[in-house]
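Some notes on the structure that comes next.
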Amino acid sequence: MLWWIYEPCRAGHRDTPRSRREGRPGPCSSPAGPQGARGRLSRAQRPPRWARGIRGRCGGSDRSPQAGMAAEDEAELSLLECRVCFEPYGPEGERRPLNLPCGHVLCRGCVGALAGAERRRLECPFCRRLCGPAETSDCRPLLQLLELLGPAGGGLASALGRSGGGTAAAPAGLGLRLCLGGWGSLVNPTGVAACPGSGRLAVAHDGKKRIHVFGPSGVCLRRFGERGDAGNDIKYPLDVTVTSDGHVVVTDGGDCSVKAFDFEGRGVLAVREGFCLPWGLDATPKSEVILTDSEAGALYRLAADFRRGELKKCQMIRSRLVSPRAVAVCQTSGAVVVIEHLKARGPSKGSTRVTIFSAEMDLIGQMDSFGLNLTFPSRIHATAVAFDKEGRVIVTDVCSQAVICLGKPEEFPIFNPLISHGLIYPVGLTYMANNSLVVLDSGDHSIKVYSSI
């Protein structure tokens, strides 16, 4: 018989009433075993690998599902609960989710408890990597997911569905050709862009070096963009684009700036023009950059000589938008599409609105989640947007975990699912020069490249 001994851990946690009620050990308790203080099970006592449960999307350690708990319920708990104290994440206070440098996510309360009163270096409870409290940062994908779920709560299944994940082939003539990154390589990625000429992919994420550059074959060619306080260091990247002359441009939510680098990782320009919170951006064929300011509710056009590091113009071209985030520019017509995040009233969940402007910034079309739900049988919560080579608007939908074509501006909106399986939490979207569709899936920290089959 194996007895469970509950001992306080260094974070001061004990078994909670919830853990006792569910018949599982406390968050930091461990079984007494022949290996001493850490209490690990011997090889003979360990369950087989297939019986050790599923790996949480934001956790990183295995935990066996309890009797009567379905695997999808366990995935939901792993994603929305701190894996140390088993308390649900929240947008503020002690329950706010924080990234550790290793990629694991804990709530702010557990980070503070593990660091102690002296705020000394803490040890990740999953991989044992040491870090300082100042090296942690907000887990933006989880915070956006909490915003999507809203104060009314509800299960993860109601917002994201039960399709699970994996690498199933996509319908409508698209198949998964390449999968890059993954846990440990990318940490909560937030943006992806393709270089028009070379086919290289630039990805922004929350790792130590904030920008990863992948070659067309999937090999990581370069990492740059240090986390730090220097002028060209990246505090927290929100989105990335690549100009036609080969410069990587990043929106930095940490110091509300826009920063440009060459493909060697050298910082060439940092723009701080009184932005409130620059978020999404996309490059035009003339190497100008269209970017959104989420807090100011504005759209900007930025022109610069990146080779010389000179800013030419930073002009507001549209205002009175509602929390605009993702943006895309049509490379043929110059049309601009923006995703606005509408404020939720009362206990209802927030919604999104897809707005299309002409190259002269005249309003062409507009449709929010409610209107789309009246037309189509699915509620859409868009997080990323792109134009394909035919000028059709393509969006990612985290409600159905899908990529959907909404048609050309003149026929907007239609409803044509392009990818409906194999995605968990898609937050980025771009097209490569060979017309391959690239989806950034923050749910499993990877880049998925789809092409016609």
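By order in the structure tokens, chains are A, B, ...; within a chain, residues start at 1; ligands start at 1, following the order shown.
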
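Residues with any atom within 10 Å of Glu135 (chain A), counting only C-alpha atoms and excluding same-chain neighbours fewer than 5 positions away, are Leu98, Asn99, Leu100, Pro101, Arg121, Lys208, Arg227 and Gly228 of chain A.
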
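Residues within 6 Å of Phe214 (chain A), counting only C-alpha atoms and excluding same-chain residues fewer than 5 positions away, are Arg200, Leu201, Val219, Cys220 and Leu221 of chain A.
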
Output for the residues just chosen: N, CA, C and O atoms as an mmCIF file, in the first residue's frame:
data_model
loop_
_atom_site.group_PDB
_atom_site.id
_atom_site.type_symbol
_atom_site.label_atom_id
_atom_site.label_comp_id
_atom_site.auth_asym_id
_atom_site.auth_seq_id
_atom_site.Cartn_x
_atom_site.Cartn_y
_atom_site.Cartn_z
ATOM 1 N N ARG A 200 11.628 33.390 -45.486
ATOM 2 C CA ARG A 200 11.898 33.201 -44.063
ATOM 3 C C ARG A 200 10.713 33.656 -43.222
ATOM 4 O O ARG A 200 9.966 34.548 -43.613
ATOM 5 N N LEU A 201 10.569 33.043 -42.045
ATOM 6 C CA LEU A 201 9.493 33.375 -41.121
ATOM 7 C C LEU A 201 10.077 33.993 -39.863
ATOM 8 O O LEU A 201 11.024 33.454 -39.280
ATOM 9 N N VAL A 219 14.256 25.203 -40.483
ATOM 10 C CA VAL A 219 15.434 25.312 -39.629
ATOM 11 C C VAL A 219 15.477 26.704 -38.999
ATOM 12 O O VAL A 219 15.252 27.711 -39.688
ATOM 13 N N CYS A 220 15.745 26.770 -37.699
ATOM 14 C CA CYS A 220 15.877 28.063 -37.033
ATOM 15 C C CYS A 220 17.223 28.672 -37.414
ATOM 16 O O CYS A 220 18.284 28.137 -37.076
ATOM 17 N N LEU A 221 17.190 29.777 -38.138
ATOM 18 C CA LEU A 221 18.410 30.403 -38.644
ATOM 19 C C LEU A 221 19.035 31.362 -37.645
ATOM 20 O O LEU A 221 20.257 31.498 -37.588
#

Please provide as a list of chain:residue names all residues within 10 Å of Asn434 (chain A), with the sequence filter that same-chain residues fewer than 4 positions apart are discarded (counting only C-alpha atoms). A:Pro196, A:Gly199, A:Lys389, A:Ser451

Convert the current residue selection to file output with N, CA, C and O atoms, as an mmCIF file, in the first residue's frame.
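To be explicit, this is the file written out as out24.cif:
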data_model
loop_
_atom_site.group_PDB
_atom_site.id
_atom_site.type_symbol
_atom_site.label_atom_id
_atom_site.label_comp_id
_atom_site.auth_asym_id
_atom_site.auth_seq_id
_atom_site.Cartn_x
_atom_site.Cartn_y
_atom_site.Cartn_z
ATOM 1 N N PRO A 196 8.703 38.523 -47.834
ATOM 2 C CA PRO A 196 8.180 38.323 -49.197
ATOM 3 C C PRO A 196 9.193 37.712 -50.155
ATOM 4 O O PRO A 196 8.821 36.930 -51.034
ATOM 5 N N GLY A 199 11.265 33.935 -48.132
ATOM 6 C CA GLY A 199 10.481 32.852 -47.567
ATOM 7 C C GLY A 199 10.767 32.567 -46.112
ATOM 8 O O GLY A 199 10.219 31.626 -45.546
ATOM 9 N N LYS A 389 -3.634 35.776 -51.756
ATOM 10 C CA LYS A 389 -3.152 36.408 -52.990
ATOM 11 C C LYS A 389 -4.288 36.868 -53.892
ATOM 12 O O LYS A 389 -4.084 37.703 -54.781
ATOM 13 N N SER A 451 -0.418 23.827 -46.968
ATOM 14 C CA SER A 451 -0.344 24.070 -48.404
ATOM 15 C C SER A 451 -1.389 23.206 -49.104
ATOM 16 O O SER A 451 -1.986 22.305 -48.503
#

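Near His212 (chain A), within 6 Å and counting only C-alpha atoms, sit Ala202, Val203, Arg222 and Arg223 of chain A; same-chain residues fewer than 6 positions away were not included.
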
Among listed residues A:Arg325, A:Lys408, A:His205, A:His421, nearest Ile290 (chain A) (using only C-alpha atoms): A:Arg325

DSSP helix (DSSP H, G or I) selection over region 156-348 of chain A, as a count of residues only: 5

A:Thr430, A:Ser287, A:Ser446, A:Asn232: which is nearest Ala260 (chain A), counting only C-alpha atoms? A:Asn232
